[in-house]
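coords_10.txt (compact mmCIF, C-alpha atoms) appears below.
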```
# COMPACT_ATOMS: atom_id res chain seq x y z
CA MET A 1 37.56 70.13 5.35
CA GLU A 2 38.04 67.03 3.30
CA ARG A 3 41.55 65.69 3.23
CA VAL A 4 42.88 65.99 -0.29
CA SER A 5 45.71 64.11 -1.85
CA THR A 6 48.08 65.88 -4.20
CA ASN A 7 49.76 62.85 -5.67
CA TYR A 8 49.01 62.00 -9.31
CA LYS A 9 48.48 58.30 -8.74
CA GLN A 10 46.27 58.88 -5.74
CA LEU A 11 44.26 61.55 -7.55
CA ALA A 12 43.62 59.14 -10.40
CA ALA A 13 42.56 56.33 -8.08
CA GLU A 14 40.26 58.66 -6.16
CA GLY A 15 38.67 60.30 -9.19
CA LEU A 16 38.04 57.05 -10.98
CA TRP A 17 37.15 54.84 -8.06
CA HIS A 18 37.37 55.73 -4.36
CA ARG A 19 35.47 58.98 -4.55
CA ASN A 20 34.04 58.69 -8.03
CA PRO A 21 31.83 61.79 -8.36
CA ALA A 22 28.85 59.85 -9.68
CA ILE A 23 28.65 56.65 -7.67
CA VAL A 24 30.31 57.71 -4.43
CA GLY A 25 29.65 61.43 -4.39
CA MET A 26 26.22 60.92 -5.94
CA LEU A 27 26.77 64.20 -7.76
CA GLY A 28 25.40 65.19 -11.13
CA ILE A 29 22.70 62.54 -10.96
CA CYS A 30 20.24 64.61 -13.01
CA PRO A 31 22.13 64.62 -16.32
CA LEU A 32 23.54 61.20 -15.52
CA LEU A 33 20.14 59.57 -15.37
CA ALA A 34 18.42 61.70 -18.00
CA VAL A 35 20.90 61.37 -20.86
CA SER A 36 22.01 57.80 -20.36
CA THR A 37 19.34 56.31 -22.64
CA ASP A 38 21.90 55.44 -25.28
CA LEU A 39 25.63 54.96 -25.42
CA ALA A 40 26.56 57.50 -28.08
CA THR A 41 24.80 60.43 -26.40
CA SER A 42 26.23 59.34 -23.04
CA ILE A 43 29.74 59.43 -24.43
CA GLY A 44 29.05 62.83 -25.99
CA LEU A 45 27.75 64.37 -22.79
CA GLY A 46 30.44 62.67 -20.73
CA ILE A 47 33.19 64.14 -22.88
CA ALA A 48 31.53 67.57 -22.80
CA THR A 49 31.42 67.39 -18.99
CA LEU A 50 35.04 66.25 -18.93
CA PHE A 51 36.18 69.26 -20.96
CA VAL A 52 34.14 71.68 -18.87
CA LEU A 53 35.59 70.18 -15.70
CA ILE A 54 39.20 70.50 -16.87
CA LEU A 55 38.60 74.04 -18.12
CA SER A 56 36.74 75.32 -15.08
CA ASN A 57 39.13 73.65 -12.62
CA GLY A 58 42.08 75.16 -14.46
CA VAL A 59 40.67 78.69 -14.56
CA ILE A 60 39.50 78.62 -10.95
CA SER A 61 42.92 77.44 -9.85
CA LEU A 62 44.54 80.14 -11.98
CA ILE A 63 42.61 82.91 -10.25
CA ARG A 64 42.61 81.26 -6.80
CA HIS A 65 44.65 84.05 -5.18
CA GLN A 66 42.27 86.68 -6.50
CA ILE A 67 39.11 84.97 -5.26
CA ASP A 68 37.66 86.50 -2.13
CA SER A 69 36.27 83.78 0.13
CA ASN A 70 33.00 85.68 0.57
CA THR A 71 32.23 85.87 -3.13
CA ARG A 72 33.83 82.60 -4.17
CA ILE A 73 30.62 80.70 -5.00
CA PRO A 74 29.26 83.21 -7.55
CA VAL A 75 32.75 83.57 -9.02
CA GLN A 76 33.10 79.80 -9.39
CA ILE A 77 29.63 79.50 -10.93
CA MET A 78 30.53 82.27 -13.36
CA VAL A 79 33.69 80.46 -14.47
CA ILE A 80 31.79 77.18 -14.79
CA ALA A 81 28.99 78.82 -16.78
CA THR A 82 31.53 80.38 -19.13
CA ALA A 83 33.27 77.04 -19.65
CA VAL A 84 29.92 75.38 -20.36
CA THR A 85 28.99 78.04 -22.89
CA VAL A 86 32.35 77.60 -24.63
CA VAL A 87 31.76 73.86 -24.97
CA ASP A 88 28.16 74.49 -26.04
CA LEU A 89 29.27 76.84 -28.84
CA VAL A 90 31.98 74.44 -30.01
CA LEU A 91 29.48 71.59 -30.13
CA GLN A 92 27.06 73.73 -32.11
CA ALA A 93 29.78 74.52 -34.61
CA TRP A 94 31.15 71.02 -35.16
CA TYR A 95 28.83 68.49 -33.56
CA PHE A 96 25.47 69.94 -34.42
CA GLU A 97 23.68 66.61 -34.32
CA LEU A 98 24.92 65.86 -30.83
CA HIS A 99 23.91 69.34 -29.80
CA GLN A 100 20.42 68.73 -31.18
CA LYS A 101 20.13 65.52 -29.24
CA ALA A 102 21.61 66.43 -25.87
CA GLY A 103 21.07 70.19 -26.21
CA LEU A 104 19.27 70.94 -22.99
CA PHE A 105 21.62 68.83 -20.91
CA ILE A 106 24.72 70.51 -22.25
CA ALA A 107 23.50 73.83 -20.89
CA LEU A 108 22.56 72.04 -17.68
CA ILE A 109 26.17 70.96 -17.09
CA VAL A 110 26.34 74.26 -15.18
CA THR A 111 24.17 72.77 -12.50
CA ASN A 112 26.17 69.57 -12.37
CA CYS A 113 27.39 69.54 -8.78
CA VAL A 114 30.55 67.65 -9.72
CA LEU A 115 31.93 70.90 -11.12
CA LEU A 116 31.24 73.06 -8.09
CA ALA A 117 32.37 70.31 -5.75
CA ARG A 118 35.76 69.94 -7.46
CA ALA A 119 36.16 73.73 -7.62
CA GLU A 120 35.29 74.13 -3.97
CA VAL A 121 37.20 71.20 -2.50
CA PHE A 122 40.18 71.05 -4.80
CA ALA A 123 40.77 73.64 -7.50
CA ARG A 124 40.67 76.73 -5.33
CA HIS A 125 43.47 75.44 -3.09
CA GLN A 126 45.75 73.75 -5.61
CA PRO A 127 48.13 74.77 -8.40
CA VAL A 128 46.86 74.75 -11.97
CA HIS A 129 48.42 71.49 -13.18
CA LEU A 130 47.04 69.52 -10.23
CA ALA A 131 43.62 71.16 -10.54
CA MET A 132 43.42 70.29 -14.23
CA TYR A 133 44.62 66.75 -13.58
CA ASP A 134 41.96 66.39 -10.91
CA GLY A 135 39.40 67.69 -13.39
CA LEU A 136 40.55 65.11 -15.91
CA MET A 137 40.32 62.23 -13.44
CA SER A 138 36.99 63.26 -11.91
CA GLY A 139 35.64 63.84 -15.41
CA LEU A 140 36.84 60.41 -16.53
CA GLY A 141 35.21 58.89 -13.46
CA PHE A 142 31.95 60.56 -14.39
CA LEU A 143 32.31 59.54 -18.04
CA LEU A 144 32.97 55.97 -16.99
CA VAL A 145 29.76 55.71 -14.98
CA LEU A 146 27.76 57.56 -17.63
CA THR A 147 28.89 55.24 -20.41
CA THR A 148 28.36 52.15 -18.28
CA ILE A 149 24.77 53.14 -17.52
CA GLY A 150 24.23 54.34 -21.10
CA GLY A 151 25.56 51.06 -22.50
CA PHE A 152 23.46 48.91 -20.19
CA ARG A 153 20.29 50.86 -20.81
CA GLU A 154 20.67 50.92 -24.56
CA LEU A 155 21.51 47.24 -24.71
CA LEU A 156 18.68 46.11 -22.46
CA GLY A 157 16.17 48.70 -23.57
CA GLN A 158 16.61 48.61 -27.34
CA GLY A 159 18.90 45.67 -27.97
CA THR A 160 21.42 47.87 -29.71
CA LEU A 161 24.79 49.42 -28.95
CA MET A 162 26.01 52.75 -30.31
CA SER A 163 22.92 53.12 -32.51
CA GLY A 164 23.30 56.89 -32.35
CA ILE A 165 26.92 56.83 -33.45
CA SER A 166 26.16 59.40 -36.15
CA VAL A 167 26.00 62.09 -33.47
CA LEU A 168 29.70 61.56 -32.76
CA TRP A 169 31.09 60.63 -36.17
CA SER A 170 29.10 61.83 -39.11
CA ILE A 171 28.66 58.74 -41.26
CA ASN A 172 28.55 59.56 -44.92
CA ASP A 173 24.94 58.85 -45.69
CA THR A 174 24.16 60.05 -49.18
CA THR A 175 20.45 59.40 -48.98
CA GLY A 176 20.35 61.36 -45.76
CA ASN A 177 18.10 58.71 -44.39
CA ASN A 178 19.66 58.60 -40.93
CA THR A 179 19.40 54.84 -40.77
CA PRO A 180 20.23 53.74 -37.25
CA ALA A 181 23.78 52.42 -37.26
CA GLY A 182 25.72 50.50 -34.64
CA LEU A 183 25.30 47.00 -33.34
CA ARG A 184 21.89 45.40 -33.21
CA LEU A 185 21.96 42.42 -30.90
CA PHE A 186 18.29 41.65 -30.45
CA ASP A 187 15.06 43.22 -31.55
CA GLN A 188 12.61 43.79 -28.76
CA GLY A 189 14.04 45.60 -25.78
CA PHE A 190 13.00 45.87 -22.17
CA LEU A 191 11.22 49.21 -22.24
CA LEU A 192 11.57 49.84 -18.50
CA MET A 193 15.30 50.33 -18.94
CA LEU A 194 14.74 53.30 -21.22
CA MET A 195 12.35 54.94 -18.81
CA PRO A 196 13.49 56.87 -15.73
CA PRO A 197 13.11 53.89 -13.34
CA GLY A 198 15.57 51.96 -15.49
CA ALA A 199 18.16 54.63 -14.88
CA PHE A 200 17.71 54.36 -11.12
CA LEU A 201 17.87 50.58 -11.26
CA CYS A 202 21.10 50.66 -13.25
CA MET A 203 22.58 53.21 -10.91
CA GLY A 204 21.62 51.08 -7.90
CA PHE A 205 23.24 47.99 -9.35
CA ILE A 206 26.41 49.86 -10.19
CA VAL A 207 26.69 51.33 -6.67
CA ALA A 208 26.00 47.91 -5.17
CA GLY A 209 28.60 46.36 -7.47
CA LYS A 210 31.21 48.90 -6.47
CA ASN A 211 30.53 48.39 -2.77
CA PHE A 212 30.68 44.63 -3.24
CA ILE A 213 34.09 44.83 -4.91
CA ASP A 214 35.35 47.24 -2.26
CA ARG A 215 34.27 44.92 0.55
CA HIS A 216 35.87 41.98 -1.20
CA ILE A 217 39.16 43.83 -1.44
CA ARG A 218 38.99 44.92 2.19
CA GLN A 219 38.24 41.36 3.32
CA GLY A 220 41.15 40.10 1.31
CA GLU A 221 43.42 42.62 2.98
CA ARG A 222 42.15 41.64 6.40
CA GLN A 223 42.82 37.97 5.72
CA VAL A 224 46.36 38.72 4.64
CA LEU A 225 46.81 40.78 7.80
CA THR A 226 45.52 38.07 10.14
CA ALA A 227 47.64 35.52 8.31
CA ARG A 228 50.71 37.65 8.90
CA ILE A 229 49.86 38.05 12.58
CA ASN A 230 49.39 34.31 12.88
CA VAL A 231 52.75 33.65 11.26
CA ARG A 232 54.38 36.11 13.63
CA GLN A 233 52.76 34.44 16.65
CA LEU A 234 53.94 31.03 15.47
CA ASN A 235 57.43 32.30 15.16
CA MET B 236 32.04 97.74 -2.68
CA LYS B 237 35.66 96.69 -2.80
CA PRO B 238 35.15 92.92 -2.67
CA LEU B 239 32.84 93.19 -5.67
CA PHE B 240 35.40 94.79 -7.95
CA ARG B 241 37.16 91.58 -8.93
CA PRO B 242 34.03 89.50 -9.57
CA VAL B 243 32.67 92.27 -11.77
CA LEU B 244 35.97 92.41 -13.65
CA LEU B 245 35.86 88.63 -14.07
CA ALA B 246 32.29 88.83 -15.35
CA MET B 247 33.43 91.31 -17.98
CA VAL B 248 36.34 89.09 -19.00
CA CYS B 249 34.01 86.08 -19.25
CA GLY B 250 31.50 88.06 -21.27
CA LEU B 251 34.11 89.35 -23.68
CA THR B 252 35.61 85.88 -24.13
CA LEU B 253 32.24 84.39 -24.97
CA GLY B 254 31.36 87.28 -27.24
CA TYR B 255 34.58 86.88 -29.16
CA LEU B 256 34.20 83.11 -29.37
CA PHE B 257 30.66 83.42 -30.65
CA TYR B 258 31.78 85.97 -33.22
CA MET B 259 34.45 83.51 -34.40
CA LEU B 260 32.17 80.47 -34.44
CA ALA B 261 28.98 82.03 -35.80
CA PRO B 262 29.71 81.16 -39.47
CA HIS B 263 30.52 77.56 -38.51
CA ILE B 264 27.36 77.28 -36.47
CA HIS B 265 25.31 78.67 -39.32
CA GLU B 266 26.94 76.25 -41.75
CA SER B 267 26.32 73.24 -39.52
CA ARG B 268 22.72 74.24 -39.04
CA GLU B 269 22.20 74.57 -42.80
CA ALA B 270 23.86 71.22 -43.54
CA TYR B 271 21.79 69.60 -40.85
CA GLU B 272 18.56 71.09 -42.18
CA THR B 273 19.30 70.02 -45.76
CA ALA B 274 20.06 66.47 -44.67
CA GLN B 275 16.85 66.45 -42.65
CA LEU B 276 14.83 67.73 -45.61
CA HIS B 277 16.10 65.05 -47.94
CA ALA B 278 15.35 62.45 -45.30
CA VAL B 279 11.70 63.57 -45.24
CA HIS B 280 10.80 62.44 -48.75
CA GLY B 281 13.13 59.45 -49.02
CA LEU B 282 13.10 59.71 -52.83
CA THR B 283 16.19 59.50 -54.98
CA HIS B 284 17.21 61.61 -57.96
CA VAL B 285 15.24 64.60 -56.83
CA TYR B 286 16.15 68.13 -55.89
CA LEU B 287 14.37 70.61 -53.67
CA GLU B 288 13.18 73.98 -54.77
CA LYS B 289 12.47 76.45 -52.02
CA GLN B 290 9.09 78.05 -52.56
CA ASN B 291 8.99 79.98 -49.32
CA ASP B 292 10.17 79.54 -45.77
CA SER B 293 7.68 76.82 -45.06
CA THR B 294 7.38 74.99 -48.36
CA TYR B 295 9.83 73.13 -50.56
CA LEU B 296 8.86 71.56 -53.87
CA ILE B 297 10.27 68.16 -54.69
CA ARG B 298 11.25 67.93 -58.34
CA SER B 299 12.67 65.12 -60.37
CA MET B 300 16.28 65.58 -61.41
CA THR B 301 15.64 64.11 -64.87
CA ASP B 302 12.65 66.11 -66.10
CA ASP B 303 11.96 68.70 -63.39
CA LYS B 304 8.54 67.20 -62.84
CA LEU B 305 6.86 68.14 -59.58
CA LEU B 306 6.72 65.02 -57.45
CA GLY B 307 5.40 66.46 -54.25
CA GLN B 308 6.19 68.96 -51.58
CA ILE B 309 7.54 69.33 -48.10
CA ARG B 310 5.78 71.64 -45.70
CA THR B 311 6.49 72.72 -42.18
CA ALA B 312 3.90 72.04 -39.60
CA GLU B 313 3.74 73.02 -35.99
CA THR B 314 1.79 72.29 -32.91
CA ALA B 315 1.90 73.82 -29.47
CA THR B 316 0.28 70.79 -27.86
CA GLY B 317 3.44 68.81 -27.17
CA TYR B 318 4.16 67.67 -23.64
CA ASN B 319 6.75 70.40 -23.30
CA GLY B 320 5.30 72.88 -25.73
CA ARG B 321 6.05 73.47 -29.35
CA ILE B 322 6.92 70.70 -31.79
CA SER B 323 7.77 71.58 -35.35
CA ALA B 324 8.20 69.12 -38.17
CA TRP B 325 8.55 68.68 -41.92
CA VAL B 326 5.78 66.76 -43.63
CA GLY B 327 6.43 65.46 -47.13
CA VAL B 328 3.48 64.61 -49.38
CA ASP B 329 3.30 63.48 -52.97
CA ASN B 330 0.86 64.85 -55.55
CA ASP B 331 -1.88 62.48 -54.40
CA LYS B 332 -1.49 63.72 -50.83
CA LYS B 333 0.09 60.46 -49.75
CA ILE B 334 2.56 61.07 -46.94
CA LEU B 335 6.14 60.46 -48.03
CA GLY B 336 7.54 60.98 -44.59
CA VAL B 337 7.51 63.10 -41.47
CA ARG B 338 10.57 64.36 -39.62
CA VAL B 339 10.61 66.35 -36.42
CA ARG B 340 12.71 69.52 -36.61
CA GLU B 341 12.48 70.80 -33.08
CA HIS B 342 10.97 69.42 -29.95
CA ARG B 343 11.48 69.42 -26.23
CA GLU B 344 9.77 66.15 -25.41
CA THR B 345 10.94 64.03 -22.50
CA PRO B 346 14.16 62.14 -23.26
CA GLY B 347 13.51 58.42 -23.20
CA LEU B 348 9.76 58.78 -23.71
CA GLY B 349 8.40 61.50 -25.94
CA ASP B 350 11.63 61.92 -27.84
CA LYS B 351 10.80 58.75 -29.77
CA ILE B 352 9.14 61.06 -32.29
CA ASP B 353 12.70 61.89 -33.34
CA ARG B 354 13.70 59.54 -36.16
CA GLN B 355 17.17 59.23 -34.68
CA VAL B 356 15.74 57.87 -31.49
CA SER B 357 13.17 55.50 -32.91
CA ASN B 358 11.34 54.85 -36.15
CA TRP B 359 7.93 55.49 -34.61
CA ILE B 360 7.39 58.39 -37.02
CA ASP B 361 7.56 56.04 -40.03
CA GLN B 362 4.01 54.95 -39.25
CA PHE B 363 2.72 58.07 -40.99
CA LYS B 364 4.48 57.09 -44.19
CA GLY B 365 2.08 55.92 -46.86
CA LEU B 366 -1.07 57.19 -45.18
CA SER B 367 -3.20 59.70 -47.03
CA LEU B 368 -3.69 63.29 -46.00
CA LYS B 369 -6.94 63.61 -47.94
CA LYS B 370 -9.83 64.89 -45.86
CA SER B 371 -11.76 61.65 -46.47
CA ASP B 372 -8.91 59.49 -45.13
CA GLU B 373 -8.07 61.71 -42.20
CA SER B 374 -9.47 59.28 -39.65
CA ASP B 375 -6.63 56.87 -40.50
CA LEU B 376 -4.23 59.40 -39.08
CA LEU B 377 -5.66 59.19 -35.57
CA LEU B 378 -4.26 57.07 -32.79
CA ARG B 379 -5.51 53.49 -32.70
CA ARG B 380 -7.51 54.15 -29.55
CA ASN B 381 -9.35 56.89 -31.45
CA GLY B 382 -10.04 54.64 -34.40
CA GLY B 383 -6.99 55.48 -36.45
CA ARG B 384 -3.96 53.51 -37.55
CA ILE B 385 -1.19 55.07 -35.48
CA ASP B 386 0.21 53.18 -32.50
CA GLN B 387 0.89 55.60 -29.70
CA ILE B 388 4.22 55.79 -27.92
CA THR B 389 3.99 53.94 -24.62
CA GLY B 390 4.09 56.43 -21.81
CA ALA B 391 3.80 59.43 -24.10
CA THR B 392 0.15 59.79 -25.07
CA ILE B 393 0.25 63.57 -25.12
CA THR B 394 3.25 63.60 -27.43
CA SER B 395 1.66 61.03 -29.75
CA ARG B 396 -1.55 63.05 -29.90
CA ALA B 397 0.41 66.21 -30.60
CA MET B 398 2.17 64.54 -33.55
CA VAL B 399 -1.16 63.36 -34.97
CA ARG B 400 -2.51 66.88 -34.65
CA LEU B 401 0.62 68.28 -36.25
CA VAL B 402 0.38 66.00 -39.28
CA ILE B 403 -3.30 66.80 -39.75
CA ASN B 404 -2.56 70.50 -39.30
CA SER B 405 -0.01 70.35 -42.10
CA ASN B 406 -2.92 69.77 -44.42
CA ALA B 407 -4.77 72.89 -43.37
CA GLY B 408 -4.27 75.96 -45.50
CA SER B 409 -4.24 74.06 -48.75
CA ASN B 410 -7.35 71.97 -48.98
CA GLU B 411 -6.94 71.38 -52.67
CA PRO B 412 -4.03 69.34 -53.92
CA SER B 413 -1.46 71.75 -55.21
CA GLY B 414 -1.63 69.95 -58.53
CA GLY B 415 0.76 67.90 -60.54
CA LEU B 416 1.41 70.66 -63.02
CA PRO B 417 5.08 71.55 -63.15
CA ARG B 418 5.82 75.11 -62.27
CA ASN B 419 8.51 77.03 -63.96
CA GLY B 420 11.32 75.98 -61.73
CA LYS B 421 14.76 77.39 -61.77
CA GLY B 422 16.06 74.07 -62.95
```

Please re-express this file's structure in structure tokens.
Amino acid sequence: MERVSTNYKQLAAEGLWHRNPAIVGMLGICPLLAVSTDLATSIGLGIATLFVLILSNGVISLIRHQIDSNTRIPVQIMVIATAVTVVDLVLQAWYFELHQKAGLFIALIVTNCVLLARAEVFARHQPVHLAMYDGLMSGLGFLLVLTTIGGFRELLGQGTLMSGISVLWSINDTTGNNTPAGLRLFDQGFLLMLMPPGAFLCMGFIVAGKNFIDRHIRQGERQVLTARINVRQLN
Amino acid sequence: MKPLFRPVLLAMVCGLTLGYLFYMLAPHIHESREAYETAQLHAVHGLTHVYLEKQNDSTYLIRSMTDDKLLGQIRTAETATGYNGRISAWVGVDNDKKILGVRVREHRETPGLGDKIDRQVSNWIDQFKGLSLKKSDESDLLLRRNGGRIDQITGATITSRAMVRLVINSNAGSNEPSGGLPRNGKG
């Protein structure tokens, strides 16, 4: 079994960086790559996933003593599916536009492996507050990657940022013309970025970037260590 | 059977929770859907100082706010030839059968490719604006590669074709212009 930390600071560092569900765990790639064509929808789906993750982690932790280990997977899926439906209904009631745009992928959060992974590895062994905190941090980690990819793809693909902002905040548009809002930086985009290969490319660069930074940090630590040893030997 | 008791109980609790939540939210959902539809409808014609009069489920008449004159109408049109099945849209035409605008209501086209038919994703659909739906001008409504004036969406030929078919279909059923004569509207 994976070693889990139960310290708030460590949980945050792990969820956001060291074992970020998207770029280290490579979980939930399907919605990640499919929805990240623009920033606003990415943020919407990321936040929806975040809420589902907190909710499902919390409930699974709450009933952890009642879960039989033989039936735990269907039980966890059931809790996750319920949480997803709750978020889906809430979005339909208050964020109808977002629901129209990311509709299919909201229902598909159920199949996002991040949720089952956190339930299985963490929530079913830990008290409620820790499980929910872990859900928050893993969800933020996922949101972070989703918005980064969404931002990059929208910027390079269409030359805009937050053009679909109306799905998150309804802008008072009396003509109802749905004029694209947000920043327009340049006109012709790089179409490849909007297509599926663009998503994979972005993802690849982000993973490479993370690994590069990690190696840099590790090298730095090693240098400090050798320096210390050298100083000790001199003494 | 014993280990199944708790999961079954949980399933019932989950079901009841969702049922209750849906019961609570149903009016809100209905309201949002209506507001969304109205905004979409007004976006179809792009005219100002007009109001819509519902003729039936698939037709709205566009009337001037000042003198109730009939300016055109908005009709639903559907096609089952989309890449992922059904696409439904509103098509607005004026009295001379000139297209005022087209807006997709529902579709399941591929995100990033076929979903460009959605006005919120791209303004591809604006190409139909200003073209004529008259039988004699119908060839203009085809894709450029078929001799028309519509640029297809790169990587989504099937979707583009489906939209062309949908717009042309919207004309079927009423071959004659519905006439510029004002009906007795409710005002």

Which protein, DNA or RNA residues are at most 6 Å from (47.2, 76.0, -13.0) in the file's coordinates when you count all atoms listed in the file, listed as a VMD selection string?
chain A and resid 58 61 to 62 127 to 129

Determine, counting all atoms listed in the file, which protein, DNA and RNA residues have an atom within 12 Å of an atom of Tyr318 (chain B); residues of the same chain fewer than 3 positions away are not included. Present the result as a ChimeraX atom specification.
/B:314-315,321-322,342-346,348-350,352,390-398

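Between CA of Ala312 (chain B) and CA of Ser405 (chain B) the interatomic distance comes to 4.9 Å.
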
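Between chain A and the candidates B:Asn406, B:Ser357, B:Ser293, B:Ser299, the tightest atom-to-atom separation, counting all atoms listed in the file, involves B:Ser357.
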
I need the contact residues of chain B against chain A, so if you could list those with any atom within 10 Å, counting only C-alpha atoms, and return them as a ChimeraX atom specification, that would help.
/B:238-239,241-243,245-246,248-250,252-253,256-257,260-268,270-271,273-284,340-343,345-348,350,353-358,389-390

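In this model, the gap between CA of Glu272 (chain B) and CA of Arg338 (chain B) comes to 10.8 Å.
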
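Taking CA of Ala117 (chain A) as the reference point, CA of Leu143 (chain A) is found at 16.3 Å.
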
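Closest approach to Ala22 (chain A) among A:Gln10, A:Asn112, A:Asn57, A:Asn211 is made by A:Asn112 (distances from all atoms listed in the file).
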
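The list of residues with at least one atom within 10 Å of Leu115 (chain A), based on all atoms listed in the file and without residues fewer than 5 positions apart in the same chain, reads Pro21, Leu27, Gly28, Thr49, Leu50, Val52, Leu53, Ile54, Ser56, Asn57, Gln76, Ile77, Ile80, Ile109, Val110, Glu120, Ala123, Gly135, Ser138 and Gly139 of chain A.
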
Once you have the residues from the selection above, write them out as an mmCIF file, in the frame of the given file, restricted to C-alpha atoms.
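Below you can see part-v9.cif, which holds the result:
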```cif
data_model
loop_
_atom_site.group_PDB
_atom_site.id
_atom_site.type_symbol
_atom_site.label_atom_id
_atom_site.label_comp_id
_atom_site.auth_asym_id
_atom_site.auth_seq_id
_atom_site.Cartn_x
_atom_site.Cartn_y
_atom_site.Cartn_z
ATOM 1 C CA PRO A 21 31.830 61.790 -8.360
ATOM 2 C CA LEU A 27 26.770 64.200 -7.760
ATOM 3 C CA GLY A 28 25.400 65.190 -11.130
ATOM 4 C CA THR A 49 31.420 67.390 -18.990
ATOM 5 C CA LEU A 50 35.040 66.250 -18.930
ATOM 6 C CA VAL A 52 34.140 71.680 -18.870
ATOM 7 C CA LEU A 53 35.590 70.180 -15.700
ATOM 8 C CA ILE A 54 39.200 70.500 -16.870
ATOM 9 C CA SER A 56 36.740 75.320 -15.080
ATOM 10 C CA ASN A 57 39.130 73.650 -12.620
ATOM 11 C CA GLN A 76 33.100 79.800 -9.390
ATOM 12 C CA ILE A 77 29.630 79.500 -10.930
ATOM 13 C CA ILE A 80 31.790 77.180 -14.790
ATOM 14 C CA ILE A 109 26.170 70.960 -17.090
ATOM 15 C CA VAL A 110 26.340 74.260 -15.180
ATOM 16 C CA GLU A 120 35.290 74.130 -3.970
ATOM 17 C CA ALA A 123 40.770 73.640 -7.500
ATOM 18 C CA GLY A 135 39.400 67.690 -13.390
ATOM 19 C CA SER A 138 36.990 63.260 -11.910
ATOM 20 C CA GLY A 139 35.640 63.840 -15.410
#
```

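Considering the residues A:Val84, A:Leu130, A:Leu45, A:Cys202 and counting all atoms listed in the file, Glu154 (chain A) has its shortest atom-to-atom contact with A:Cys202.
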
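Environment of (2.5, 63.7, -39.9): residues at most 6 Å away, judged by only C-alpha atoms, are Val326, Val337, Phe363 and Val402 of chain B.
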
Excluding Gly307 (chain B) and any residue of its chain fewer than 6 positions from it, enumerate the residues within 7 Å of it, using all atoms listed in the file, and give them as a ChimeraX atom specification.
/B:296-297,328-330
